[in-house]
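These notes are about the structure you will find just below.
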Amino acid sequence: MAQVVEDWYKQMPVITRSYLTAAVITTVGCSLEIISPYNLYLNPRLVVKQYQIWRLITNFLYFRKMDLDFLFHMFFLARYCKLLEENSFRGRTADFFYMLLFGATVLTSIVLVGGMIPYISESFAKIIFLSNSLTFMMVYVWSKRNPYIHMNFLGLFTFTTAYLPWVLLGFSVLVGASAWADLLGMVAGHVYYFLEDVYPRMTGRRPLKTPSFIKSLFADEPVVVARPAQVRFAAPPIHEIRQ
């Protein structure tokens, strides 16, 4: 059993494995009171005035209590982050990292701006960890790029992956979790999907080009595709040529 888990872990692509490892270590460390969540949560005032820059990153690593909701989000992270990195971003590790960086920036901006708007500022002030939202963003992007796969939810009903984010959102509401985190993830995912997939088809321009300095951090292996010219066929029999 241990060997199976080890092989599964080693077969994960680098970004998925790194994020999953950091999230598990951070959450377990907080549960064991080795790490204090008070040093991790997003606090713009501490970031700006006391230069606690790490909070812009650590708030995406802590998934709160180790309960059923934590297990679900670890499953989403391990599955859909892996599927995106291995399929849509195969051979493009830098682009995948840039997607996560863009999503984290969008989510942080939404919370900061929402905290300054009257009547809804109190709701946004309660959002101090964005780990669930970033995970949900990956689910949303994967569902938009693979909309026709049939799925079964707990053996209750069947649906296509285009509706996966909405099904998971409804499940979060049923188990008593806050829907805000999932909704923010859907917003960030839709912004990325529009700018990366829809807008370029409309205008021929791609606004989300990965910066060269990020590409220099990753040595992507090129994906080799066999060309038809490299395929040789046996010559037809002579009697067929004469006919």
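Letters for chains follow the order of the structure tokens (A, B, ...), residue numbers begin at 1 for each chain, and ligand numbers begin at 1 in the order shown.
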
Open item on the list: Could you list, as a list in words, every residue within 10 Å of A:Ser31, counting only C-alpha atoms and ignoring same-chain residues fewer than 4 positions away?
Closed with: Ile25, Thr26, Thr27, Ile35, Ser36, Pro37, Arg64, Lys65 and Met66 of chain A

Next, the residues of the selection above should be written as a short mmCIF file (atom, residue, chain, number, x, y, z; two decimals), in the first residue's frame with all heavy atoms.
data_model
loop_
_atom_site.label_atom_id
_atom_site.label_comp_id
_atom_site.auth_asym_id
_atom_site.auth_seq_id
_atom_site.Cartn_x
_atom_site.Cartn_y
_atom_site.Cartn_z
N ILE A 25 1.25 19.89 4.31
CA ILE A 25 2.18 20.21 5.41
C ILE A 25 1.68 21.39 6.22
O ILE A 25 1.69 21.39 7.46
CB ILE A 25 3.59 20.48 4.86
CG1 ILE A 25 4.22 19.20 4.32
CG2 ILE A 25 4.49 21.09 5.95
CD1 ILE A 25 5.57 19.40 3.68
N THR A 26 1.20 22.43 5.53
CA THR A 26 0.71 23.63 6.22
C THR A 26 -0.53 23.33 7.05
O THR A 26 -0.62 23.73 8.23
CB THR A 26 0.39 24.74 5.20
OG1 THR A 26 1.56 25.03 4.44
CG2 THR A 26 -0.06 26.00 5.92
N THR A 27 -1.49 22.61 6.46
CA THR A 27 -2.73 22.32 7.18
C THR A 27 -2.50 21.38 8.35
O THR A 27 -3.05 21.58 9.44
CB THR A 27 -3.76 21.71 6.21
OG1 THR A 27 -3.94 22.60 5.09
CG2 THR A 27 -5.11 21.52 6.89
N ILE A 35 2.29 25.25 13.58
CA ILE A 35 2.21 26.52 12.86
C ILE A 35 0.94 27.23 13.31
O ILE A 35 -0.10 26.59 13.50
CB ILE A 35 2.18 26.29 11.33
CG1 ILE A 35 3.36 25.44 10.88
CG2 ILE A 35 2.16 27.63 10.58
CD1 ILE A 35 3.30 25.03 9.42
N SER A 36 1.01 28.53 13.47
CA SER A 36 -0.16 29.30 13.86
C SER A 36 -0.85 29.89 12.62
O SER A 36 -0.20 30.57 11.81
CB SER A 36 0.23 30.44 14.80
OG SER A 36 -0.89 31.27 15.05
N PRO A 37 -2.15 29.65 12.45
CA PRO A 37 -2.88 30.24 11.32
C PRO A 37 -2.86 31.76 11.34
O PRO A 37 -3.03 32.39 10.29
CB PRO A 37 -4.30 29.71 11.50
CG PRO A 37 -4.16 28.49 12.35
CD PRO A 37 -3.00 28.76 13.25
N ARG A 64 -7.79 25.15 6.49
CA ARG A 64 -8.56 25.13 7.73
C ARG A 64 -8.57 23.75 8.37
O ARG A 64 -7.59 23.02 8.31
CB ARG A 64 -9.96 25.66 7.50
CG ARG A 64 -9.96 27.03 6.80
CD ARG A 64 -11.02 27.93 7.34
NE ARG A 64 -10.91 29.24 6.73
CZ ARG A 64 -11.53 30.31 7.17
NH1 ARG A 64 -12.30 30.23 8.23
NH2 ARG A 64 -11.38 31.47 6.58
N LYS A 65 -9.70 23.35 8.94
CA LYS A 65 -9.76 22.11 9.71
C LYS A 65 -9.65 20.88 8.81
O LYS A 65 -10.10 20.87 7.68
CB LYS A 65 -11.06 22.05 10.52
CG LYS A 65 -11.18 23.12 11.59
CD LYS A 65 -12.45 22.94 12.39
CE LYS A 65 -13.69 23.23 11.56
NZ LYS A 65 -14.93 23.16 12.38
N MET A 66 -9.04 19.82 9.37
CA MET A 66 -8.91 18.57 8.63
C MET A 66 -10.19 17.75 8.78
O MET A 66 -10.28 16.82 9.56
CB MET A 66 -7.69 17.78 9.14
CG MET A 66 -6.37 18.47 8.89
SD MET A 66 -4.95 17.48 9.41
CE MET A 66 -5.14 16.06 8.33
#

Open item on the list: I want to know what sits within 10 Å of A:Glu86, based on only C-alpha atoms, with residues of the same chain fewer than 6 positions away left out; could you give that as a PyMOL selection string?
Closed with: chain A and resi 12-13+16+80+92-93+96

Using the selection just defined, write its residues with C-alpha atoms as a PDB file, in the first residue's frame.
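This went into again.pdb:
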ATOM      1  CA  MET A  12       2.414  13.740 -10.203  1.00  0.00           C
ATOM      2  CA  PRO A  13       3.670  16.640 -12.333  1.00  0.00           C
ATOM      3  CA  THR A  16       0.693  19.709  -8.645  1.00  0.00           C
ATOM      4  CA  TYR A  80      -8.027  18.471 -11.406  1.00  0.00           C
ATOM      5  CA  ARG A  92       3.983  24.022 -20.657  1.00  0.00           C
ATOM      6  CA  THR A  93       4.814  24.031 -16.958  1.00  0.00           C
ATOM      7  CA  PHE A  96       0.474  26.436 -15.810  1.00  0.00           C
TER       8      PHE A  96
END

Open item on the list: Could you go through stretch 60-107 of chain A and tell me which residues DSSP, when run on the backbone, assigns to helix (DSSP H, G or I), listing them as a VMD selection string?
Closed with: chain A and resid 68 to 88 93 to 107

Open item on the list: Under the rule that only C-alpha atoms are counted, which of A:Met151, A:Val141, A:Phe136, A:Leu112 is the nearest residue to A:Leu195?
Closed with: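 Ranking A:Met151, A:Val141, A:Phe136, A:Leu112 by distance to A:Leu195, first place goes to A:Val141.
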
Task: Nearest candidate to A:Leu100 (options A:Leu184, A:Val24, A:Cys81, A:Met116; using only C-alpha atoms) - done: A:Cys81

- [ ] Could you give me, as a list in words, the residues within 8 Å of stretch 118-130 of chain A, counting only C-alpha atoms and dropping anything in the same chain fewer than 3 positions from it?
- [x]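 After dropping sequence-adjacent residues, the list is Tyr41, Leu42, Asn43, Asn59, Phe60, Tyr62, Phe63, Leu107, Thr108, Val111, Leu112, Gly114, Gly115, Ser133, Leu134 and Ala181 of chain A.
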
Put those residues in a file: all heavy atoms, as a short mmCIF file (atom, residue, chain, number, x, y, z; two decimals), in the first residue's frame.
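Everything below was put into again_38.cif:
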data_model
loop_
_atom_site.label_atom_id
_atom_site.label_comp_id
_atom_site.auth_asym_id
_atom_site.auth_seq_id
_atom_site.Cartn_x
_atom_site.Cartn_y
_atom_site.Cartn_z
N TYR A 41 -2.83 34.01 7.57
CA TYR A 41 -4.02 34.54 6.91
C TYR A 41 -3.74 35.86 6.19
O TYR A 41 -2.77 36.56 6.47
CB TYR A 41 -5.16 34.73 7.91
CG TYR A 41 -5.02 35.91 8.85
CD1 TYR A 41 -5.65 37.11 8.57
CD2 TYR A 41 -4.27 35.82 10.02
CE1 TYR A 41 -5.55 38.20 9.42
CE2 TYR A 41 -4.16 36.89 10.88
CZ TYR A 41 -4.79 38.09 10.57
OH TYR A 41 -4.67 39.16 11.42
N LEU A 42 -4.60 36.18 5.22
CA LEU A 42 -4.44 37.39 4.41
C LEU A 42 -4.86 38.61 5.21
O LEU A 42 -6.02 38.74 5.60
CB LEU A 42 -5.29 37.28 3.14
CG LEU A 42 -5.24 38.47 2.18
CD1 LEU A 42 -3.83 38.70 1.67
CD2 LEU A 42 -6.21 38.27 1.02
N ASN A 43 -3.92 39.51 5.43
CA ASN A 43 -4.18 40.75 6.16
C ASN A 43 -3.46 41.88 5.41
O ASN A 43 -2.25 42.05 5.57
CB ASN A 43 -3.68 40.66 7.59
CG ASN A 43 -4.09 41.86 8.44
OD1 ASN A 43 -4.07 43.00 7.98
ND2 ASN A 43 -4.47 41.61 9.68
N ASN A 59 -1.77 32.25 2.55
CA ASN A 59 -3.22 32.14 2.67
C ASN A 59 -3.81 31.18 1.64
O ASN A 59 -4.95 30.75 1.77
CB ASN A 59 -3.88 33.52 2.58
CG ASN A 59 -4.04 34.01 1.16
OD1 ASN A 59 -5.07 33.80 0.53
ND2 ASN A 59 -3.02 34.69 0.64
N PHE A 60 -3.01 30.81 0.62
CA PHE A 60 -3.43 29.83 -0.37
C PHE A 60 -3.02 28.40 0.00
O PHE A 60 -3.33 27.47 -0.74
CB PHE A 60 -2.85 30.17 -1.74
CG PHE A 60 -3.42 31.42 -2.35
CD1 PHE A 60 -2.73 32.61 -2.29
CD2 PHE A 60 -4.65 31.39 -2.98
CE1 PHE A 60 -3.24 33.77 -2.85
CE2 PHE A 60 -5.19 32.55 -3.54
CZ PHE A 60 -4.48 33.74 -3.47
N TYR A 62 -3.33 27.06 3.41
CA TYR A 62 -4.02 26.54 4.59
C TYR A 62 -5.48 26.27 4.26
O TYR A 62 -6.21 27.17 3.83
CB TYR A 62 -3.90 27.54 5.74
CG TYR A 62 -4.59 27.11 7.01
CD1 TYR A 62 -4.39 25.84 7.54
CD2 TYR A 62 -5.45 27.97 7.69
CE1 TYR A 62 -5.02 25.44 8.71
CE2 TYR A 62 -6.07 27.59 8.85
CZ TYR A 62 -5.87 26.32 9.36
OH TYR A 62 -6.49 25.93 10.52
N PHE A 63 -5.93 25.02 4.50
CA PHE A 63 -7.30 24.62 4.18
C PHE A 63 -8.15 24.43 5.44
O PHE A 63 -9.07 23.62 5.47
CB PHE A 63 -7.28 23.32 3.37
CG PHE A 63 -6.91 23.53 1.93
CD1 PHE A 63 -5.58 23.67 1.56
CD2 PHE A 63 -7.88 23.62 0.95
CE1 PHE A 63 -5.22 23.87 0.22
CE2 PHE A 63 -7.54 23.81 -0.38
CZ PHE A 63 -6.20 23.94 -0.75
N LEU A 107 -7.96 36.65 -7.32
CA LEU A 107 -8.68 36.39 -6.07
C LEU A 107 -8.31 37.39 -5.00
O LEU A 107 -9.19 37.92 -4.29
CB LEU A 107 -8.37 34.97 -5.59
CG LEU A 107 -8.97 33.83 -6.43
CD1 LEU A 107 -8.39 32.49 -6.00
CD2 LEU A 107 -10.48 33.82 -6.31
N THR A 108 -7.03 37.68 -4.87
CA THR A 108 -6.59 38.66 -3.86
C THR A 108 -7.15 40.03 -4.17
O THR A 108 -7.61 40.75 -3.26
CB THR A 108 -5.05 38.71 -3.82
OG1 THR A 108 -4.52 37.41 -3.55
CG2 THR A 108 -4.58 39.68 -2.74
N VAL A 111 -10.90 40.28 -3.20
CA VAL A 111 -11.10 40.42 -1.75
C VAL A 111 -10.73 41.82 -1.28
O VAL A 111 -11.45 42.42 -0.46
CB VAL A 111 -10.27 39.36 -1.01
CG1 VAL A 111 -10.30 39.61 0.50
CG2 VAL A 111 -10.79 37.97 -1.31
N LEU A 112 -9.64 42.37 -1.80
CA LEU A 112 -9.22 43.71 -1.38
C LEU A 112 -10.22 44.77 -1.82
O LEU A 112 -10.59 45.66 -1.04
CB LEU A 112 -7.84 44.02 -1.95
CG LEU A 112 -6.68 43.16 -1.44
CD1 LEU A 112 -5.36 43.61 -2.08
CD2 LEU A 112 -6.58 43.24 0.07
N GLY A 114 -13.43 44.23 -2.70
CA GLY A 114 -14.70 43.98 -2.03
C GLY A 114 -14.71 44.47 -0.60
O GLY A 114 -15.76 44.88 -0.08
N GLY A 115 -13.54 44.45 0.05
CA GLY A 115 -13.46 44.93 1.42
C GLY A 115 -13.63 46.43 1.56
O GLY A 115 -13.82 46.95 2.67
N SER A 133 -10.72 28.71 -2.83
CA SER A 133 -11.08 29.43 -4.05
C SER A 133 -10.12 29.10 -5.20
O SER A 133 -10.56 28.91 -6.34
CB SER A 133 -11.06 30.94 -3.79
OG SER A 133 -11.97 31.29 -2.78
N LEU A 134 -8.83 29.01 -4.91
CA LEU A 134 -7.86 28.69 -5.96
C LEU A 134 -8.07 27.26 -6.47
O LEU A 134 -7.97 27.00 -7.67
CB LEU A 134 -6.44 28.87 -5.44
CG LEU A 134 -5.32 28.72 -6.47
CD1 LEU A 134 -5.47 29.77 -7.56
CD2 LEU A 134 -3.96 28.83 -5.81
N ALA A 181 -16.36 31.20 -1.08
CA ALA A 181 -15.06 30.73 -1.56
C ALA A 181 -15.19 30.09 -2.94
O ALA A 181 -14.38 30.35 -3.84
CB ALA A 181 -14.45 29.75 -0.57
#

- [ ] Might you pull out every residue within 9 Å of stretch 138-140 of chain A, with only C-alpha atoms counted and same-chain residues fewer than 3 positions away left off, and present them as a PyMOL selection string?
- [x] chain A and resi 76-77+80-81+84+100+103+133-135+143-145+162+164-165+185-186+188-190+193

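Residues lying within 9 Å of A:Pro44, counting only C-alpha atoms and ignoring same-chain neighbours fewer than 3 positions away, are Val47, Val48, Lys49, Arg55, Leu56 and Leu112 of chain A.
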
- [ ] Just list the residues in stretch 142-212 of chain A DSSP gives strand (DSSP E) on the backbone, as a VMD selection string.
- [x] chain A and resid 150 to 153 157 to 160

Next, dump the selected residues to file, keeping only N, CA and C atoms, as a compact mmCIF listing (two decimals), in the first residue's frame.
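Output contents, as saved in out31.txt:
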# COMPACT_ATOMS: atom_id res chain seq x y z
N HIS A 150 -19.11 12.76 -19.17
CA HIS A 150 -20.21 12.40 -18.27
C HIS A 150 -19.65 11.98 -16.91
N MET A 151 -20.27 12.49 -15.85
CA MET A 151 -19.84 12.18 -14.49
C MET A 151 -21.05 11.76 -13.66
N ASN A 152 -20.75 11.06 -12.57
CA ASN A 152 -21.80 10.61 -11.66
C ASN A 152 -21.48 11.14 -10.27
N PHE A 153 -22.46 11.79 -9.65
CA PHE A 153 -22.24 12.39 -8.34
C PHE A 153 -22.81 11.50 -7.25
N PHE A 157 -27.01 11.07 -9.43
CA PHE A 157 -27.43 11.52 -10.75
C PHE A 157 -26.20 11.70 -11.64
N THR A 158 -26.44 11.74 -12.94
CA THR A 158 -25.38 11.88 -13.93
C THR A 158 -25.48 13.25 -14.59
N PHE A 159 -24.34 13.84 -14.87
CA PHE A 159 -24.29 15.16 -15.51
C PHE A 159 -23.01 15.27 -16.32
N THR A 160 -22.93 16.27 -17.15
CA THR A 160 -21.70 16.54 -17.91
C THR A 160 -20.82 17.50 -17.12

- [ ] Compare A:Gly29, A:Ile15, A:Ala177, A:Arg206 by their minimum atom-to-atom distance to A:Ala94, counting only C-alpha atoms, and give me the closest one.
- [x]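 Distance minimum relative to A:Ala94 lands on A:Ile15.
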
TODO: Rank nothing, just name the residue among A:Ser109, A:Glu196, A:Met137, A:Phe97 nearest to A:Pro211, using only C-alpha atoms.
DONE: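 Checking each candidate against A:Pro211, we get A:Phe97 as the closest.
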
Task: Minimum-distance residue to A:Glu85, chosen among A:Leu154, A:Val14, A:Leu40, A:Ile149 (using only C-alpha atoms) - done: A:Val14

TODO: For atom CA of A:Ser178 and atom CA of A:Trp166, determine how far apart the two atoms are, in Å to one decimal place.
DONE: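 These atoms are spaced 13.9 Å apart.
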